[in-house]
>>> print(open('coords.pdb').read())   # PDB, C-alpha atoms
ATOM      1  CA  MET E   4     155.163 -86.687 -44.283
ATOM      2  CA  ALA E   5     153.035 -85.500 -41.438
ATOM      3  CA  ALA E   6     154.261 -82.471 -39.474
ATOM      4  CA  SER E   7     154.073 -84.467 -36.255
ATOM      5  CA  MET E   8     156.635 -87.032 -37.395
ATOM      6  CA  LEU E   9     160.109 -87.086 -35.878
ATOM      7  CA  LYS E  10     162.790 -85.660 -38.130
ATOM      8  CA  VAL E  11     166.141 -87.430 -37.948
ATOM      9  CA  VAL E  12     169.512 -86.503 -39.453
ATOM     10  CA  VAL E  13     172.172 -89.086 -40.052
ATOM     11  CA  THR E  14     175.745 -87.851 -39.819
ATOM     12  CA  GLY E  15     178.964 -89.801 -40.011
ATOM     13  CA  LEU E  16     181.566 -90.198 -37.290
ATOM     14  CA  LEU E  17     184.867 -91.812 -38.102
ATOM     15  CA  CYS E  18     185.676 -94.724 -35.845
ATOM     16  CA  SER E  19     189.185 -96.113 -35.240
ATOM     17  CA  SER E  20     189.035 -98.050 -38.522
ATOM     18  CA  HIS E  21     188.364 -94.789 -40.434
ATOM     19  CA  ARG E  22     184.918 -95.923 -41.476
ATOM     20  CA  ALA E  23     181.932 -93.668 -41.081
ATOM     21  CA  VAL E  24     179.612 -94.815 -38.327
ATOM     22  CA  PRO E  25     176.110 -93.348 -38.553
ATOM     23  CA  ILE E  26     174.903 -91.176 -35.679
ATOM     24  CA  PHE E  27     171.235 -90.319 -35.380
ATOM     25  CA  ARG E  28     170.204 -86.888 -34.045
ATOM     26  CA  ARG E  29     166.761 -85.501 -33.433
ATOM     27  CA  LEU E  30     166.229 -82.064 -34.962
ATOM     28  CA  SER E  31     162.664 -81.342 -34.032
ATOM     29  CA  VAL E  32     159.658 -83.066 -32.652
ATOM     30  CA  SER E  33     156.145 -81.801 -33.110
ATOM     31  CA  LYS E  34     153.613 -83.306 -30.798
ATOM     32  CA  PRO E  35     150.003 -83.478 -31.871
ATOM     33  CA  VAL E  36     147.629 -81.246 -29.955
ATOM     34  CA  ALA E  37     145.569 -83.170 -27.430
ATOM     35  CA  GLN E  38     141.996 -83.592 -28.534
ATOM     36  CA  GLY E  39     139.441 -81.678 -26.488
ATOM     37  CA  VAL E  40     141.991 -79.252 -24.979
ATOM     38  CA  PRO E  41     141.033 -75.665 -25.791
ATOM     39  CA  GLY E  42     143.653 -73.687 -27.705
ATOM     40  CA  PRO E  43     144.748 -70.172 -26.911
ATOM     41  CA  ILE E  44     142.052 -67.536 -27.089
ATOM     42  CA  TRP E  45     144.311 -65.230 -29.111
ATOM     43  CA  LYS E  46     147.436 -65.498 -31.266
ATOM     44  CA  LEU E  47     150.436 -63.355 -32.045
ATOM     45  CA  GLY E  48     150.715 -62.428 -35.681
ATOM     46  CA  ARG E  49     153.449 -60.830 -37.724
ATOM     47  CA  LEU E  50     155.827 -58.060 -36.750
ATOM     48  CA  ASN E  51     154.030 -54.913 -37.888
ATOM     49  CA  HIS E  52     156.803 -52.382 -37.290
ATOM     50  CA  VAL E  53     159.846 -51.330 -35.315
ATOM     51  CA  ALA E  54     159.539 -47.761 -33.998
ATOM     52  CA  ILE E  55     162.547 -45.453 -33.901
ATOM     53  CA  ALA E  56     162.523 -42.167 -31.989
ATOM     54  CA  VAL E  57     164.391 -39.499 -33.965
ATOM     55  CA  PRO E  58     165.444 -35.976 -32.974
ATOM     56  CA  ASP E  59     165.031 -34.693 -36.560
ATOM     57  CA  LEU E  60     162.155 -36.305 -38.457
ATOM     58  CA  GLU E  61     162.925 -34.528 -41.740
ATOM     59  CA  LYS E  62     166.553 -35.690 -41.670
ATOM     60  CA  ALA E  63     165.564 -39.275 -40.789
ATOM     61  CA  THR E  64     162.885 -39.327 -43.502
ATOM     62  CA  SER E  65     165.441 -38.081 -46.037
ATOM     63  CA  LEU E  66     167.883 -40.835 -45.040
ATOM     64  CA  TYR E  67     165.363 -43.577 -45.763
ATOM     65  CA  ARG E  68     163.824 -41.947 -48.863
ATOM     66  CA  GLU E  69     166.796 -40.272 -50.589
ATOM     67  CA  VAL E  70     169.812 -42.290 -49.416
ATOM     68  CA  LEU E  71     168.371 -45.780 -48.949
ATOM     69  CA  GLY E  72     165.634 -45.538 -51.598
ATOM     70  CA  ALA E  73     162.742 -46.685 -49.412
ATOM     71  CA  ARG E  74     159.098 -45.797 -49.913
ATOM     72  CA  VAL E  75     158.238 -43.367 -47.130
ATOM     73  CA  SER E  76     154.824 -42.064 -46.016
ATOM     74  CA  GLU E  77     153.890 -38.479 -45.367
ATOM     75  CA  THR E  78     154.287 -37.121 -41.843
ATOM     76  CA  VAL E  79     151.135 -37.689 -39.792
ATOM     77  CA  PRO E  80     150.483 -35.965 -36.456
ATOM     78  CA  LEU E  81     148.956 -38.169 -33.761
ATOM     79  CA  PRO E  82     148.174 -35.742 -30.919
ATOM     80  CA  GLU E  83     146.457 -38.445 -28.825
ATOM     81  CA  HIS E  84     149.808 -40.292 -28.725
ATOM     82  CA  GLY E  85     151.980 -37.161 -28.603
ATOM     83  CA  VAL E  86     153.933 -37.963 -31.769
ATOM     84  CA  TYR E  87     154.497 -37.162 -35.394
ATOM     85  CA  THR E  88     154.932 -40.391 -37.308
ATOM     86  CA  VAL E  89     156.357 -41.455 -40.659
ATOM     87  CA  PHE E  90     156.285 -45.041 -41.911
ATOM     88  CA  VAL E  91     159.106 -46.519 -43.965
ATOM     89  CA  GLU E  92     157.897 -49.455 -46.058
ATOM     90  CA  LEU E  93     160.159 -52.492 -46.115
ATOM     91  CA  GLY E  94     159.552 -55.764 -47.902
ATOM     92  CA  ASN E  95     158.355 -57.680 -44.854
ATOM     93  CA  THR E  96     157.570 -54.992 -42.262
ATOM     94  CA  LYS E  97     157.806 -51.255 -41.605
ATOM     95  CA  LEU E  98     159.875 -48.817 -39.620
ATOM     96  CA  GLU E  99     157.973 -46.116 -37.766
ATOM     97  CA  LEU E 100     159.911 -42.877 -37.302
ATOM     98  CA  LEU E 101     158.687 -40.921 -34.267
ATOM     99  CA  GLN E 102     159.219 -37.292 -33.289
ATOM    100  CA  PRO E 103     157.660 -35.577 -30.269
ATOM    101  CA  LEU E 104     154.394 -33.682 -30.668
ATOM    102  CA  GLY E 105     153.701 -31.496 -27.660
ATOM    103  CA  GLU E 106     155.482 -31.088 -24.360
ATOM    104  CA  LYS E 107     153.973 -34.210 -22.759
ATOM    105  CA  SER E 108     155.099 -36.507 -25.551
ATOM    106  CA  PRO E 109     156.576 -39.797 -24.323
ATOM    107  CA  ILE E 110     159.051 -39.481 -27.201
ATOM    108  CA  ALA E 111     160.357 -36.171 -25.797
ATOM    109  CA  GLY E 112     161.296 -37.959 -22.565
ATOM    110  CA  PHE E 113     162.918 -40.779 -24.523
ATOM    111  CA  LEU E 114     164.987 -38.307 -26.564
ATOM    112  CA  GLN E 115     166.108 -36.484 -23.428
ATOM    113  CA  LYS E 116     167.719 -39.730 -22.304
ATOM    114  CA  ASN E 117     168.829 -40.767 -25.818
ATOM    115  CA  LYS E 118     169.913 -37.577 -27.618
ATOM    116  CA  ALA E 119     170.688 -39.301 -30.915
ATOM    117  CA  GLY E 120     167.420 -41.254 -30.876
ATOM    118  CA  GLY E 121     167.072 -45.003 -31.047
ATOM    119  CA  MET E 122     164.697 -47.944 -31.060
ATOM    120  CA  HIS E 123     161.597 -47.077 -29.048
ATOM    121  CA  HIS E 124     159.275 -50.100 -29.389
ATOM    122  CA  ILE E 125     158.231 -53.062 -31.467
ATOM    123  CA  CYS E 126     154.685 -53.635 -32.688
ATOM    124  CA  ILE E 127     153.253 -57.121 -33.116
ATOM    125  CA  GLU E 128     149.846 -57.881 -34.569
ATOM    126  CA  VAL E 129     147.333 -59.976 -32.635
ATOM    127  CA  ASP E 130     144.172 -61.581 -33.945
ATOM    128  CA  ASP E 131     142.025 -60.472 -30.972
ATOM    129  CA  ILE E 132     143.383 -57.525 -29.014
ATOM    130  CA  ASN E 133     140.687 -57.581 -26.336
ATOM    131  CA  ALA E 134     141.249 -61.270 -25.603
ATOM    132  CA  ALA E 135     145.012 -60.685 -25.604
ATOM    133  CA  ILE E 136     144.705 -57.849 -23.082
ATOM    134  CA  MET E 137     142.445 -59.862 -20.760
ATOM    135  CA  ASP E 138     144.739 -62.881 -20.935
ATOM    136  CA  LEU E 139     147.942 -60.880 -20.406
ATOM    137  CA  LYS E 140     146.497 -58.950 -17.460
ATOM    138  CA  ALA E 141     145.484 -62.273 -15.898
ATOM    139  CA  LYS E 142     149.117 -63.353 -16.353
ATOM    140  CA  LYS E 143     150.261 -60.204 -14.484
ATOM    141  CA  ILE E 144     151.583 -58.382 -17.567
ATOM    142  CA  ARG E 145     151.013 -54.669 -17.047
ATOM    143  CA  THR E 146     149.636 -52.417 -19.759
ATOM    144  CA  LEU E 147     150.356 -48.701 -20.122
ATOM    145  CA  SER E 148     146.677 -47.782 -20.375
ATOM    146  CA  ASP E 149     143.439 -49.283 -19.153
ATOM    147  CA  GLU E 150     141.857 -49.640 -22.585
ATOM    148  CA  PRO E 151     143.171 -49.947 -26.146
ATOM    149  CA  ARG E 152     143.535 -46.713 -28.085
ATOM    150  CA  ILE E 153     143.444 -46.147 -31.814
ATOM    151  CA  GLY E 154     146.947 -46.259 -33.249
ATOM    152  CA  ALA E 155     148.654 -44.870 -36.339
ATOM    153  CA  HIS E 156     147.006 -47.452 -38.633
ATOM    154  CA  GLY E 157     143.506 -46.658 -37.369
ATOM    155  CA  LYS E 158     143.345 -49.921 -35.408
ATOM    156  CA  PRO E 159     143.189 -50.561 -31.639
ATOM    157  CA  VAL E 160     146.608 -50.794 -29.957
ATOM    158  CA  MET E 161     147.882 -51.528 -26.454
ATOM    159  CA  PHE E 162     151.364 -51.020 -25.041
ATOM    160  CA  LEU E 163     152.800 -53.574 -22.613
ATOM    161  CA  HIS E 164     155.070 -52.443 -19.790
ATOM    162  CA  PRO E 165     158.733 -52.932 -20.731
ATOM    163  CA  LYS E 166     159.593 -54.198 -17.237
ATOM    164  CA  ASP E 167     157.285 -57.160 -17.904
ATOM    165  CA  CYS E 168     158.670 -57.744 -21.427
ATOM    166  CA  ASP E 169     162.411 -58.127 -20.871
ATOM    167  CA  GLY E 170     163.083 -54.393 -21.177
ATOM    168  CA  VAL E 171     161.263 -53.960 -24.502
ATOM    169  CA  LEU E 172     158.249 -51.708 -24.956
ATOM    170  CA  VAL E 173     155.825 -53.926 -26.883
ATOM    171  CA  GLU E 174     152.846 -52.566 -28.788
ATOM    172  CA  LEU E 175     150.064 -54.987 -29.690
ATOM    173  CA  GLU E 176     147.914 -54.026 -32.675
ATOM    174  CA  GLN E 177     144.652 -55.575 -33.829
ATOM    175  CA  ALA E 178     145.365 -57.352 -37.136
TER
END
>>> encode(input="coords.pdb", output="structure tokens")
Amino acid sequence: MAASMLKVVVTGLLCSSHRAVPIFRRLSVSKPVAQGVPGPIWKLGRLNHVAIAVPDLEKATSLYREVLGARVSETVPLPEHGVYTVFVELGNTKLELLQPLGEKSPIAGFLQKNKAGGMHHICIEVDDINAAIMDLKAKKIRTLSDEPRIGAHGKPVMFLHPKDCDGVLVELEQA
């Protein structure tokens, strides 16, 4: 069946004579894309990682490696972002463990407010980061820097202001 076809579920409802009377319910409707209408200039991709700020990177790394049995990367300093980072490989995504590097680290400020650590940001891949940034700025979504910077995976990244993203710090990364 074509994806654009209406899906219908038939369920039974007992009427006063105790017989099932069919009821039709729509579950989903996919409308075909209008011909000649340009599509979006960029697309969201998969969730790349969830970043967790931790007060003790060695302890957190040990939890995921020794206790939970995850594959864990080596610690990598990223002075341009003010963090040490460790990636925990999961089946469908990664966790990024962050510890402050330097006094001006944004993670240091986060940990001052959240002593035990916690979720810092999510990272979602995009197919065209420059187009995404232009489009989002036109839609009044603020970014935390003027231009993309190279992130932990060696690819361009951009952070979106959490006040424009329902309280969540969102990192976009070039796929």
>>> residues_around(input="coords.pdb", residues="segment 109-115 of chain E", least_positions_apart="2", cutoff="8 Å", atoms="only C-alpha atoms", output="PyMOL selection string")
chain E and resi 56-58+85-86+101-103+106-107+117-120+123
>>> write_last_selection(input="coords.pdb", atoms="C-alpha atoms", output="tab-separated table (two decimals), in the frame of the given file")
chain	number	residue	atom	x	y	z
E	56	ALA	CA	162.52	-42.17	-31.99
E	57	VAL	CA	164.39	-39.50	-33.97
E	58	PRO	CA	165.44	-35.98	-32.97
E	85	GLY	CA	151.98	-37.16	-28.60
E	86	VAL	CA	153.93	-37.96	-31.77
E	101	LEU	CA	158.69	-40.92	-34.27
E	102	GLN	CA	159.22	-37.29	-33.29
E	103	PRO	CA	157.66	-35.58	-30.27
E	106	GLU	CA	155.48	-31.09	-24.36
E	107	LYS	CA	153.97	-34.21	-22.76
E	117	ASN	CA	168.83	-40.77	-25.82
E	118	LYS	CA	169.91	-37.58	-27.62
E	119	ALA	CA	170.69	-39.30	-30.92
E	120	GLY	CA	167.42	-41.25	-30.88
E	123	HIS	CA	161.60	-47.08	-29.05
>>> resolve_selection(input="coords.pdb", expression="the PyMOL selection byres ((chain E and resi 139) around 12)", output="list in words")
Pro43, Ile44, Trp45, Lys46, Ile132, Asn133, Ala134, Ala135, Ile136, Met137, Asp138, Lys140, Ala141, Lys142, Lys143, Ile144, Arg145, Thr146, Met161, Phe162, Leu163, His164, Asp167, Cys168 and Leu175 of chain E
>>> write_last_selection(input="coords.pdb", atoms="C-alpha atoms", output="CSV table (one decimal), in the coordinates of the input")
chain,number,residue,atom,x,y,z
E,43,PRO,CA,144.7,-70.2,-26.9
E,44,ILE,CA,142.1,-67.5,-27.1
E,45,TRP,CA,144.3,-65.2,-29.1
E,46,LYS,CA,147.4,-65.5,-31.3
E,132,ILE,CA,143.4,-57.5,-29.0
E,133,ASN,CA,140.7,-57.6,-26.3
E,134,ALA,CA,141.2,-61.3,-25.6
E,135,ALA,CA,145.0,-60.7,-25.6
E,136,ILE,CA,144.7,-57.8,-23.1
E,137,MET,CA,142.4,-59.9,-20.8
E,138,ASP,CA,144.7,-62.9,-20.9
E,140,LYS,CA,146.5,-59.0,-17.5
E,141,ALA,CA,145.5,-62.3,-15.9
E,142,LYS,CA,149.1,-63.4,-16.4
E,143,LYS,CA,150.3,-60.2,-14.5
E,144,ILE,CA,151.6,-58.4,-17.6
E,145,ARG,CA,151.0,-54.7,-17.0
E,146,THR,CA,149.6,-52.4,-19.8
E,161,MET,CA,147.9,-51.5,-26.5
E,162,PHE,CA,151.4,-51.0,-25.0
E,163,LEU,CA,152.8,-53.6,-22.6
E,164,HIS,CA,155.1,-52.4,-19.8
E,167,ASP,CA,157.3,-57.2,-17.9
E,168,CYS,CA,158.7,-57.7,-21.4
E,175,LEU,CA,150.1,-55.0,-29.7
>>> atom_distance(input="coords.pdb", atom1="atom CA of Ser65 of chain E", atom2="atom CA of Gly157 of chain E")
25.1 Å
>>> residues_near_point(input="coords.pdb", point="(163.7, -54.8, -50.4)", cutoff="12 Å", atoms="all atoms listed in the file", output="ChimeraX atom specification")
/E:71-74,91-97
>>> closest_residue(input="coords.pdb", among="E:Ile153, E:Leu98, E:Leu50, E:Val171", to="Tyr67 of chain E", atoms="all atoms listed in the file")
E:Leu98
>>> closest_residue(input="coords.pdb", among="E:Leu147, E:Ile55, E:Leu60, E:Val75", to="Tyr87 of chain E", atoms="all atoms listed in the file")
E:Leu60
>>> axis_aligned_box(input="coords.pdb", around="segment 45-60 of chain E", padding_each_side="4 Å", output="lines of an AutoDock Vina configuration file")
center_x = 154.9
center_y = -50.1
center_z = -33.8
size_x = 29.1
size_y = 38.8
size_z = 17.3
>>> atom_distance(input="coords.pdb", atom1="atom CA of His52 of chain E", atom2="atom CA of Ser108 of chain E")
19.8 Å
>>> closest_residue(input="coords.pdb", among="E:Glu174, E:Asp149, E:Asp169, E:Asp59", to="His124 of chain E", atoms="all atoms listed in the file")
E:Glu174
>>> build_atoms(input="coords.pdb", residues="segment 58-70 of chain E", atoms="N, CA, C and O atoms", output="PDB file, in the frame of the given file")
ATOM      1  N   PRO E  58     165.468 -37.384 -33.355  1.00  0.00           N
ATOM      2  CA  PRO E  58     165.444 -35.976 -32.974  1.00  0.00           C
ATOM      3  C   PRO E  58     165.084 -35.054 -34.139  1.00  0.00           C
ATOM      4  O   PRO E  58     164.606 -33.947 -33.926  1.00  0.00           O
ATOM      5  N   ASP E  59     165.299 -35.513 -35.373  1.00  0.00           N
ATOM      6  CA  ASP E  59     165.031 -34.693 -36.560  1.00  0.00           C
ATOM      7  C   ASP E  59     164.298 -35.568 -37.581  1.00  0.00           C
ATOM      8  O   ASP E  59     164.920 -36.335 -38.323  1.00  0.00           O
ATOM      9  N   LEU E  60     162.981 -35.446 -37.601  1.00  0.00           N
ATOM     10  CA  LEU E  60     162.155 -36.305 -38.457  1.00  0.00           C
ATOM     11  C   LEU E  60     162.433 -36.073 -39.942  1.00  0.00           C
ATOM     12  O   LEU E  60     162.485 -37.021 -40.721  1.00  0.00           O
ATOM     13  N   GLU E  61     162.646 -34.835 -40.331  1.00  0.00           N
ATOM     14  CA  GLU E  61     162.925 -34.528 -41.740  1.00  0.00           C
ATOM     15  C   GLU E  61     164.236 -35.172 -42.188  1.00  0.00           C
ATOM     16  O   GLU E  61     164.318 -35.764 -43.263  1.00  0.00           O
ATOM     17  N   LYS E  62     165.254 -35.084 -41.351  1.00  0.00           N
ATOM     18  CA  LYS E  62     166.553 -35.690 -41.670  1.00  0.00           C
ATOM     19  C   LYS E  62     166.425 -37.208 -41.758  1.00  0.00           C
ATOM     20  O   LYS E  62     166.949 -37.835 -42.675  1.00  0.00           O
ATOM     21  N   ALA E  63     165.736 -37.824 -40.796  1.00  0.00           N
ATOM     22  CA  ALA E  63     165.564 -39.275 -40.789  1.00  0.00           C
ATOM     23  C   ALA E  63     164.758 -39.731 -42.007  1.00  0.00           C
ATOM     24  O   ALA E  63     165.099 -40.728 -42.648  1.00  0.00           O
ATOM     25  N   THR E  64     163.706 -38.991 -42.332  1.00  0.00           N
ATOM     26  CA  THR E  64     162.885 -39.327 -43.502  1.00  0.00           C
ATOM     27  C   THR E  64     163.731 -39.267 -44.774  1.00  0.00           C
ATOM     28  O   THR E  64     163.657 -40.153 -45.625  1.00  0.00           O
ATOM     29  N   SER E  65     164.563 -38.236 -44.873  1.00  0.00           N
ATOM     30  CA  SER E  65     165.441 -38.081 -46.037  1.00  0.00           C
ATOM     31  C   SER E  65     166.422 -39.247 -46.150  1.00  0.00           C
ATOM     32  O   SER E  65     166.689 -39.737 -47.242  1.00  0.00           O
ATOM     33  N   LEU E  66     166.967 -39.694 -45.012  1.00  0.00           N
ATOM     34  CA  LEU E  66     167.883 -40.835 -45.040  1.00  0.00           C
ATOM     35  C   LEU E  66     167.225 -42.037 -45.689  1.00  0.00           C
ATOM     36  O   LEU E  66     167.774 -42.645 -46.610  1.00  0.00           O
ATOM     37  N   TYR E  67     166.023 -42.385 -45.239  1.00  0.00           N
ATOM     38  CA  TYR E  67     165.363 -43.577 -45.763  1.00  0.00           C
ATOM     39  C   TYR E  67     164.862 -43.390 -47.192  1.00  0.00           C
ATOM     40  O   TYR E  67     164.958 -44.300 -48.005  1.00  0.00           O
ATOM     41  N   ARG E  68     164.367 -42.196 -47.522  1.00  0.00           N
ATOM     42  CA  ARG E  68     163.824 -41.947 -48.863  1.00  0.00           C
ATOM     43  C   ARG E  68     164.945 -41.692 -49.872  1.00  0.00           C
ATOM     44  O   ARG E  68     165.012 -42.362 -50.905  1.00  0.00           O
ATOM     45  N   GLU E  69     165.811 -40.726 -49.598  1.00  0.00           N
ATOM     46  CA  GLU E  69     166.796 -40.272 -50.589  1.00  0.00           C
ATOM     47  C   GLU E  69     168.049 -41.149 -50.624  1.00  0.00           C
ATOM     48  O   GLU E  69     168.560 -41.442 -51.694  1.00  0.00           O
ATOM     49  N   VAL E  70     168.562 -41.543 -49.465  1.00  0.00           N
ATOM     50  CA  VAL E  70     169.812 -42.290 -49.416  1.00  0.00           C
ATOM     51  C   VAL E  70     169.576 -43.792 -49.614  1.00  0.00           C
ATOM     52  O   VAL E  70     170.256 -44.438 -50.398  1.00  0.00           O
TER      53      VAL E  70
END
